[in-house]
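**Student:** Take a look at this one; I'll ask things after.
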Amino acid sequence: MFNRMQGWISDQLAKRTFEVMTDSILAEIVQFLTGRPMVKRNLFSLRRDLGRWFFDNSFYPTDKYLGTHIRLQMPLIGIGAPAAIFLPPIADALGTELVLPENYAVANAVGAVAGSVVATCEAIVYLSVHEYIAQVDEMRKMFTRLPDALQFARTEAAQRAEDIALRSGAVSPYVSIDEKPNGMDSYRIRARAVGNPRLMSR
């Protein structure tokens, strides 16, 4: 629908989309390496902002008097399946070599698999008549004192979260507790266990 509205055929739309993505990647690289933001491209910035003009004139030269260049002083290393598609024109524009390591296409997938293992368990503590009830999943236990009920809920939720993380493949998970009031004489406790997956352990 969009390409019909613009009067473009599919190939033209694909070409324009690729050009926009290339421009965005170049801008991100330059801003990241220089540590300086670049103003958005508009008629005012092209006339008044030197940084914007320098960037555009380096990659899309239009000035009839001055030539400018931005060159990357190191190779560009690409990972992820789209790297071989999107990065060659980036490397050419920056005047550098593109390096695609062995198995580059699945590098991001390995990172996703190797992410942290996270497990949670929630507990609630509330007043029922003259006793406090600590409930963790299907387990309920009654206490006469609120501090005892809260301590039980914290310990039980933490243990369950850790057990879930370990069963899920975490190595030495770290457990944190978040405790908040949940209305009058009621508290909600959330235990969160986080650890590296077993495949990363030595």
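Following the order of the structure tokens, first chain is A, next is B, and so on, with residues numbered from 1 inside each chain and ligands from 1 in the order they appear.
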Neighbours of Lys141 (chain A) within 12 Å (only C-alpha atoms; same-chain residues fewer than 5 positions away dropped), as a ChimeraX atom specification?
**Tutor:** /A:123-128,131-136,146,148-153,156
**Student:** When you look at region 62-76 of chain A with a cut-off of 7 Å (counting only C-alpha atoms), what residues show up, excluding the ones that are within fewer than 6 positions of it in the same chain? I need them as a PyMOL selection string.
**Tutor:** chain A and resi 54+91+94-99
**Student:** Which residue is closest to Val118 (chain A)? Choose from A:Phe59, A:Phe143, A:Tyr104, A:Tyr174 and count only C-alpha atoms.
**Tutor:**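 Counting only C-alpha atoms, the residue closest to Val118 (chain A) is A:Tyr174.
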**Student:** What does the distance from CA of Ala157 (chain A) to CA of Ile189 (chain A) come to in Å, to one decimal?
**Tutor:**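 Answer for the CA of Ala157 (chain A) to CA of Ile189 (chain A) separation: 7.7 Å.
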**Student:** With distances taken over only C-alpha atoms, which residue among A:Gly169, A:Ile77, A:Asn103, A:Phe86 lies nearest Val20 (chain A)?
**Tutor:** A:Phe86
**Student:** Give the strand (DSSP E) residues of region 1-200 of chain A, as assigned by DSSP on the backbone, as a count of residues only.
**Tutor:** 51
**Student:** Of the candidates A:Gln159, A:Arg154, A:Ile79, A:Cys121, which one gets nearest to Tyr187 (chain A) if we count only C-alpha atoms?
**Tutor:**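 Going through A:Gln159, A:Arg154, A:Ile79, A:Cys121 one by one, the smallest distance to Tyr187 (chain A) is for A:Arg154.
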**Student:** Need to verify the contact set: region 27-29 of chain A, 10 Å, only C-alpha atoms, exclusion of same-chain residues closer than 3 positions in sequence. Can you return it as an mmCIF file with N, CA and C atoms, in the first residue's frame?
**Tutor:**
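Wrote it out as around32.cif, contents follow:
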data_model
loop_
_atom_site.group_PDB
_atom_site.id
_atom_site.type_symbol
_atom_site.label_atom_id
_atom_site.label_comp_id
_atom_site.auth_asym_id
_atom_site.auth_seq_id
_atom_site.Cartn_x
_atom_site.Cartn_y
_atom_site.Cartn_z
ATOM 1 N N MET A 21 18.542 2.692 5.901
ATOM 2 C CA MET A 21 19.192 1.890 6.936
ATOM 3 C C MET A 21 20.702 2.100 6.923
ATOM 4 N N THR A 22 21.291 2.184 5.741
ATOM 5 C CA THR A 22 22.731 2.430 5.634
ATOM 6 C C THR A 22 23.091 3.772 6.256
ATOM 7 N N ASP A 23 22.301 4.785 5.954
ATOM 8 C CA ASP A 23 22.540 6.114 6.517
ATOM 9 C C ASP A 23 22.432 6.094 8.037
ATOM 10 N N SER A 24 21.441 5.381 8.566
ATOM 11 C CA SER A 24 21.253 5.309 10.019
ATOM 12 C C SER A 24 22.421 4.604 10.695
ATOM 13 N N PHE A 32 28.732 7.190 17.955
ATOM 14 C CA PHE A 32 29.267 6.348 19.032
ATOM 15 C C PHE A 32 30.769 6.545 19.190
ATOM 16 N N LEU A 33 31.503 6.536 18.085
ATOM 17 C CA LEU A 33 32.961 6.630 18.163
ATOM 18 C C LEU A 33 33.435 8.025 18.551
ATOM 19 N N THR A 34 32.691 9.044 18.174
ATOM 20 C CA THR A 34 33.092 10.407 18.540
ATOM 21 C C THR A 34 32.551 10.816 19.903
ATOM 22 N N GLY A 35 31.517 10.112 20.365
ATOM 23 C CA GLY A 35 30.896 10.496 21.623
ATOM 24 C C GLY A 35 30.146 11.807 21.528
ATOM 25 N N PRO A 37 26.685 13.813 19.791
ATOM 26 C CA PRO A 37 25.422 13.663 19.067
ATOM 27 C C PRO A 37 25.427 14.494 17.792
ATOM 28 N N MET A 38 24.606 14.089 16.855
ATOM 29 C CA MET A 38 24.499 14.818 15.597
ATOM 30 C C MET A 38 23.054 15.271 15.416
ATOM 31 N N ARG A 52 26.634 18.303 10.913
ATOM 32 C CA ARG A 52 25.683 17.666 10.007
ATOM 33 C C ARG A 52 26.146 17.802 8.560
ATOM 34 N N PHE A 55 29.202 15.466 7.918
ATOM 35 C CA PHE A 55 28.785 14.070 7.768
ATOM 36 C C PHE A 55 28.184 13.837 6.388
ATOM 37 N N ASP A 56 27.233 14.668 6.012
ATOM 38 C CA ASP A 56 26.555 14.468 4.732
ATOM 39 C C ASP A 56 27.502 14.658 3.556
ATOM 40 N N LEU A 72 37.342 5.150 8.929
ATOM 41 C CA LEU A 72 37.499 4.328 10.125
ATOM 42 C C LEU A 72 38.903 3.741 10.131
ATOM 43 N N ILE A 90 28.645 -0.162 4.343
ATOM 44 C CA ILE A 90 29.125 0.633 5.477
ATOM 45 C C ILE A 90 30.650 0.654 5.478
ATOM 46 N N LEU A 94 33.165 3.893 4.866
ATOM 47 C CA LEU A 94 34.136 4.290 5.888
ATOM 48 C C LEU A 94 35.571 3.985 5.471
#
